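Peer 1: Below you'll find target05.cif; it's mmCIF, C-alpha atoms.
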data_my_file
#
loop_
_atom_site.label_atom_id
_atom_site.label_comp_id
_atom_site.auth_asym_id
_atom_site.auth_seq_id
_atom_site.Cartn_x
_atom_site.Cartn_y
_atom_site.Cartn_z
CA MET M 1 16.02 0.17 1.09
CA ASN M 2 18.97 2.40 0.28
CA GLU M 3 19.45 3.35 3.93
CA ILE M 4 19.21 -0.27 5.05
CA ALA M 5 21.71 -1.39 2.39
CA LYS M 6 24.06 1.46 3.33
CA ARG M 7 24.03 0.42 6.98
CA MET M 8 24.72 -3.19 5.93
CA ASN M 9 27.59 -2.07 3.65
CA LEU M 10 25.76 -3.39 0.59
CA ASN M 11 24.77 -1.87 -2.75
CA THR M 12 21.20 -1.82 -3.99
CA ASP M 13 20.22 -3.10 -7.40
CA PHE M 14 16.54 -2.38 -8.00
CA LYS M 15 14.58 -4.46 -10.48
CA ILE M 16 11.17 -3.59 -11.86
CA TYR M 17 8.48 -6.21 -12.40
CA ASN M 18 5.17 -5.83 -14.22
CA SER M 19 2.96 -7.36 -11.56
CA LYS M 20 2.87 -8.37 -7.92
CA SER M 21 2.82 -12.02 -8.89
CA GLU M 22 6.02 -11.62 -10.95
CA LEU M 23 7.60 -9.77 -8.04
CA PHE M 24 6.78 -12.48 -5.51
CA ASP M 25 7.79 -15.22 -7.97
CA ALA M 26 11.19 -13.55 -8.33
CA LEU M 27 11.57 -13.57 -4.55
CA GLU M 28 10.65 -17.25 -4.28
CA LYS M 29 13.13 -18.13 -7.06
CA ASN M 30 15.89 -16.11 -5.34
CA GLU M 31 16.15 -13.73 -8.31
CA VAL M 32 15.89 -10.92 -5.74
CA ASP M 33 16.87 -10.86 -2.07
CA CYS M 34 13.88 -8.91 -0.83
CA ILE M 35 10.99 -6.70 -1.93
CA GLY M 36 11.10 -3.05 -0.97
CA SER M 37 7.81 -3.00 0.90
CA ARG M 38 4.49 -4.81 0.97
CA THR M 39 1.56 -5.25 3.27
CA VAL M 40 1.69 -8.28 5.52
CA ASN M 41 -1.20 -10.69 5.12
CA TYR M 42 -1.99 -14.31 5.84
CA GLU M 43 -1.73 -15.47 2.22
CA ARG M 44 1.69 -13.92 1.69
CA ARG M 45 3.01 -15.36 4.95
CA LYS M 46 2.45 -18.84 3.49
CA PHE M 47 5.24 -18.41 0.95
CA VAL M 48 7.45 -15.50 2.10
CA ASP M 49 8.94 -14.30 5.34
CA PHE M 50 8.61 -10.70 6.55
CA THR M 51 10.78 -8.37 8.56
CA ARG M 52 9.40 -6.57 11.56
CA VAL M 53 6.59 -4.15 10.73
CA TYR M 54 7.89 -0.63 10.26
CA TYR M 55 4.75 1.20 9.15
CA TYR M 56 0.98 0.86 9.35
CA ASP M 57 -1.77 2.59 7.44
CA SER M 58 -5.55 2.60 7.36
CA VAL M 59 -7.64 1.64 4.35
CA ARG M 60 -10.33 4.24 3.79
CA VAL M 61 -12.71 5.61 1.23
CA ALA M 62 -12.12 9.15 -0.02
CA VAL M 63 -14.58 11.34 -1.89
CA PRO M 64 -14.20 14.83 -3.36
CA GLU M 65 -14.79 17.57 -0.79
CA SER M 66 -17.91 18.63 -2.73
CA SER M 67 -19.50 15.15 -2.65
CA PRO M 68 -22.75 14.75 -0.71
CA VAL M 69 -21.64 11.23 0.34
CA THR M 70 -20.83 11.02 4.06
CA LEU M 71 -21.40 7.31 4.83
CA LEU M 72 -20.35 4.10 3.09
CA LYS M 73 -23.98 3.09 2.49
CA GLU M 74 -24.44 6.29 0.46
CA LEU M 75 -22.06 4.90 -2.19
CA LYS M 76 -24.98 2.87 -3.62
CA GLY M 77 -25.07 3.45 -7.38
CA LYS M 78 -21.76 5.34 -7.33
CA ASN M 79 -18.51 4.43 -9.10
CA LEU M 80 -15.81 3.33 -6.66
CA GLY M 81 -12.24 3.13 -7.97
CA VAL M 82 -9.87 0.47 -6.63
CA ILE M 83 -6.54 -1.04 -7.63
CA GLU M 84 -7.00 -4.62 -8.80
CA GLY M 85 -5.38 -7.22 -6.54
CA SER M 86 -4.76 -4.79 -3.69
CA VAL M 87 -5.74 -5.14 -0.04
CA SER M 88 -8.47 -2.62 -0.85
CA SER M 89 -9.88 -4.83 -3.61
CA GLU M 90 -10.19 -7.67 -1.10
CA LEU M 91 -12.25 -5.38 1.15
CA VAL M 92 -14.42 -4.34 -1.78
CA GLU M 93 -15.16 -7.96 -2.63
CA SER M 94 -15.91 -8.98 0.94
CA TYR M 95 -17.75 -5.91 2.17
CA LEU M 96 -18.49 -3.04 -0.19
CA THR M 97 -20.17 -4.98 -3.01
CA ASN M 98 -23.14 -5.49 -0.66
CA ILE M 99 -23.65 -1.73 -0.60
CA GLY M 100 -24.51 -1.66 -4.29
CA CYS M 101 -21.73 0.56 -5.58
CA LYS M 102 -20.18 -0.08 -8.98
CA CYS M 103 -16.57 -1.12 -8.46
CA LEU M 104 -14.19 -0.06 -11.21
CA TYR M 105 -10.90 -1.95 -11.05
CA TYR M 106 -7.67 -0.41 -12.34
CA ASP M 107 -4.53 -2.41 -13.02
CA THR M 108 -2.06 0.24 -11.86
CA PRO M 109 -2.03 3.15 -9.41
CA GLU M 110 -1.34 5.45 -12.38
CA ASN M 111 -4.51 4.33 -14.16
CA LEU M 112 -6.59 4.88 -11.03
CA THR M 113 -5.04 8.32 -10.62
CA ASN M 114 -5.98 9.09 -14.25
CA ALA M 115 -9.55 7.95 -13.53
CA VAL M 116 -9.73 10.43 -10.64
CA GLU M 117 -8.36 13.20 -12.86
CA ASN M 118 -10.92 12.37 -15.58
CA GLY M 119 -13.86 12.20 -13.17
CA GLU M 120 -14.59 8.52 -13.91
CA VAL M 121 -15.00 7.63 -10.22
CA ASP M 122 -17.10 9.13 -7.43
CA ALA M 123 -14.93 7.67 -4.67
CA VAL M 124 -11.64 5.83 -4.24
CA ILE M 125 -10.71 3.14 -1.75
CA GLY M 126 -7.10 2.70 -0.69
CA HIS M 127 -4.44 3.24 1.93
CA GLU M 128 -4.40 6.77 3.29
CA MET M 129 -0.85 7.40 2.04
CA TYR M 130 -1.94 6.53 -1.51
CA LEU M 131 -5.12 8.61 -1.26
CA GLU M 132 -3.03 11.58 -0.11
CA HIS M 133 -0.81 11.08 -3.17
CA ILE M 134 -3.81 11.02 -5.54
CA SER M 135 -5.29 14.13 -3.94
CA THR M 136 -2.03 16.05 -4.32
CA LYS M 137 -1.26 14.81 -7.84
CA CYS M 138 -4.76 15.50 -9.14
CA ASN M 139 -5.16 18.73 -7.17
CA VAL M 140 -8.45 17.44 -5.79
CA GLN M 141 -9.67 18.44 -2.35
CA LYS M 142 -10.87 15.25 -0.70
CA ARG M 143 -12.29 14.08 2.55
CA TYR M 144 -12.47 10.66 4.12
CA LEU M 145 -15.63 8.86 5.05
CA ASP M 146 -15.60 8.28 8.80
CA GLU M 147 -15.25 4.52 8.73
CA LYS M 148 -11.75 3.05 8.67
CA LEU M 149 -12.18 -0.26 6.87
CA SER M 150 -8.93 -1.94 7.81
CA VAL M 151 -5.42 -1.38 9.05
CA SER M 152 -2.50 -2.71 7.01
CA TYR M 153 0.94 -3.43 8.34
CA TRP M 154 3.95 -2.85 6.08
CA ALA M 155 7.17 -4.85 6.17
CA ILE M 156 9.88 -6.12 3.84
CA PRO M 157 9.20 -9.53 2.25
CA ILE M 158 12.17 -11.90 2.20
CA ASN M 159 12.60 -15.44 0.90
CA LYS M 160 11.69 -17.93 3.64
CA ASN M 161 15.06 -19.63 3.17
CA ASN M 162 17.01 -16.54 4.18
CA PRO M 163 16.49 -15.96 7.93
CA ASN M 164 19.93 -14.36 8.27
CA LEU M 165 18.95 -11.55 5.91
CA ARG M 166 15.66 -11.09 7.75
CA ASN M 167 17.46 -10.88 11.09
CA SER M 168 20.03 -8.40 9.76
CA ILE M 169 17.34 -6.16 8.28
CA ASN M 170 15.33 -6.39 11.52
CA ASP M 171 18.38 -5.20 13.46
CA ILE M 172 18.81 -2.25 11.08
CA LEU M 173 15.09 -1.37 11.22
CA LEU M 174 15.25 -1.34 15.02
CA GLU M 175 18.37 0.83 14.88
CA MET M 176 16.64 3.22 12.46
CA GLU M 177 13.58 3.35 14.70
CA ASN M 178 15.71 4.14 17.76
CA ASP M 179 17.84 6.83 16.09
CA GLY M 180 14.85 8.59 14.46
CA THR M 181 15.78 7.77 10.86
CA LEU M 182 12.61 5.75 10.31
CA ASP M 183 10.43 8.70 11.39
CA GLU M 184 12.38 11.04 9.10
CA LEU M 185 11.86 8.71 6.14
CA LYS M 186 8.15 8.29 6.89
CA LEU M 187 7.76 12.06 6.96
CA LYS M 188 9.74 12.46 3.73
CA TRP M 189 7.84 9.80 1.77
CA TYR M 190 4.42 9.68 3.42
CA GLY M 191 3.96 13.28 4.56
CA LYS M 192 2.17 13.60 7.88
CA TYR M 193 2.51 9.89 8.62
#
Here is the file; what I need is its structure written in the form of structure tokens.

Peer 2:
Amino acid sequence: MNEIAKRMNLNTDFKIYNSKSELFDALEKNEVDCIGSRTVNYERRKFVDFTRVYYYDSVRVAVPESSPVTLLKELKGKNLGVIEGSVSSELVESYLTNIGCKCLYYDTPENLTNAVENGEVDAVIGHEMYLEHISTKCNVQKRYLDEKLSVSYWAIPINKNNPNLRNSINDILLEMENDGTLDELKLKWYGKY
């Protein structure tokens, strides 16, 4: 967001909200101009606009390197950690509960990371970039199960009543894509992505 604002000759003023619903409410009420980054989905498109997609990521299940689990169906009876209200939790509810794993929901990424550190979960479902972060932070060697459950597309949510801002940000994102800045930022923040 800082790079986009800089190219638009604007200053950033970041605000922190306690939940996704508060964040999106603030956008709808014009308390904020945009949200730094969120996955694009059908439900969100009903009440917010999105910029062009600038990043995509797969949702996967990761297990410790030492785990005997190699397939999703082998998660039966295992504890699967997931962030409540995330794209991953939607997949758990629609697909993975049929497997028979015990889904443990965590309200924040930090709490899920703590659960990994404390050995409370046998596997974690999430976007690859987040799973890489957990693995590094917890110093846990992990591997992915082969199945990719979903692909998520990331963009910047904007109030539906502000198409000029959306268009300006889209122009900047395209410029950043063309001059290589977007790739540099992806590498800086997401590692190999």

Peer 1: Using the chain letters and residue numbers of this document, give as a ChimeraX atom specification the residues selected by the PyMOL selection byres ((chain M and resi 156) around 8).

Peer 2: /M:34-38,50-53,154-155,157-158

Peer 1: Spell out the residues picked by the PyMOL selection byres ((chain M and resi 187-191) around 9) here, as a PyMOL selection string.

Peer 2: chain M and resi 129-130+132-133+182-186+192-193

Peer 1: Taking all atoms listed in the file into account, name the residue in M:Asp25, M:Val40, M:Asn2, M:Asp122 that is nearest to Tyr54 in chain M.

Peer 2: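 Ranked by minimum distance to Tyr54 in chain M, first place goes to M:Val40.
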
Peer 1: Carefully work through the PyMOL selection byres ((chain M and resi 134) around 12) for this structure and note down the residues it includes, as a PyMOL selection string.

Peer 2: chain M and resi 62-64+81+109-117+123-133+135-142

Peer 1: Could you tell me which of M:Leu10, M:Cys101, M:Arg60, M:Glu90 comes closest to Glu74 in chain M if we count only C-alpha atoms?

Peer 2: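 Of M:Leu10, M:Cys101, M:Arg60, M:Glu90, the one nearest Glu74 in chain M is M:Cys101, counting only C-alpha atoms.
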
Peer 1: Can you work out which one of M:Leu104, M:Ala5, M:Val59, M:Ile172 has the shortest atom-to-atom distance to Asn79 in chain M, counting only C-alpha atoms?

Peer 2: M:Leu104

Peer 1: Between CA of Gly100 in chain M and CA of Thr70 in chain M, what is the distance, to one decimal in Å?

Peer 2: 15.6 Å

Peer 1: In terms of the shortest atom-to-atom distance over only C-alpha atoms, which of M:Val121, M:Cys103, M:Leu145, M:Val48 is closest to Val69 in chain M?

Peer 2: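 Among the listed residues, M:Leu145 lies closest to Val69 in chain M.
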
Peer 1: For a quick check of your reading of the model, name the residues lying within 12 Å of the coordinate (15.8, -15.6, 3.1), counting only C-alpha atoms, and write them as an MDAnalysis selection string.

Peer 2: chainID M and resid 27:35 47:51 156:169

Peer 1: Could you pull the residues within 12 Å of Arg7 in chain M, counting all atoms listed in the file, minus those fewer than 6 positions along the same chain, as a PDB file with C-alpha atoms, keeping the file's coordinate frame?

Peer 2:
ATOM      1  CA  MET M   1      16.020   0.170   1.090  1.00  0.00           C
ATOM      2  CA  SER M 168      20.030  -8.400   9.760  1.00  0.00           C
ATOM      3  CA  ILE M 169      17.340  -6.160   8.280  1.00  0.00           C
ATOM      4  CA  ASN M 170      15.330  -6.390  11.520  1.00  0.00           C
ATOM      5  CA  ASP M 171      18.380  -5.200  13.460  1.00  0.00           C
ATOM      6  CA  ILE M 172      18.810  -2.250  11.080  1.00  0.00           C
ATOM      7  CA  LEU M 173      15.090  -1.370  11.220  1.00  0.00           C
ATOM      8  CA  GLU M 175      18.370   0.830  14.880  1.00  0.00           C
ATOM      9  CA  MET M 176      16.640   3.220  12.460  1.00  0.00           C
ATOM     10  CA  THR M 181      15.780   7.770  10.860  1.00  0.00           C
TER      11      THR M 181
END

Peer 1: Would you mind telling me which residue in M:Asn18, M:Asn9, M:Ser58, M:Asn41 lies nearest to Asp146 in chain M when using all atoms listed in the file?

Peer 2: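 When distances to Asp146 in chain M are compared using all atoms listed in the file, the smallest one comes from M:Ser58.
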
Peer 1: Which is closest to Arg143 in chain M among M:Leu23, M:Val61, M:Arg44, M:Gly180, if we use only C-alpha atoms?

Peer 2: M:Val61

Peer 1: Figure out the distance between CA of Leu91 in chain M and CA of Ser152 in chain M, please, to one decimal in Å.

Peer 2: 11.7 Å

Peer 1: With all atoms of range 168-173 of chain M from the file as input, state the centre and edge lengths in Å to one decimal of the axis-aligned box that has 3 Å extra on each side, as lines of an AutoDock Vina configuration file.

Peer 2:
center_x = 17.6
center_y = -4.9
center_z = 10.9
size_x = 10.9
size_y = 13.0
size_z = 11.2

Peer 1: Between CA of Leu72 in chain M and CA of Thr39 in chain M, what distance in Å does the model show, to one decimal?

Peer 2: 23.8 Å
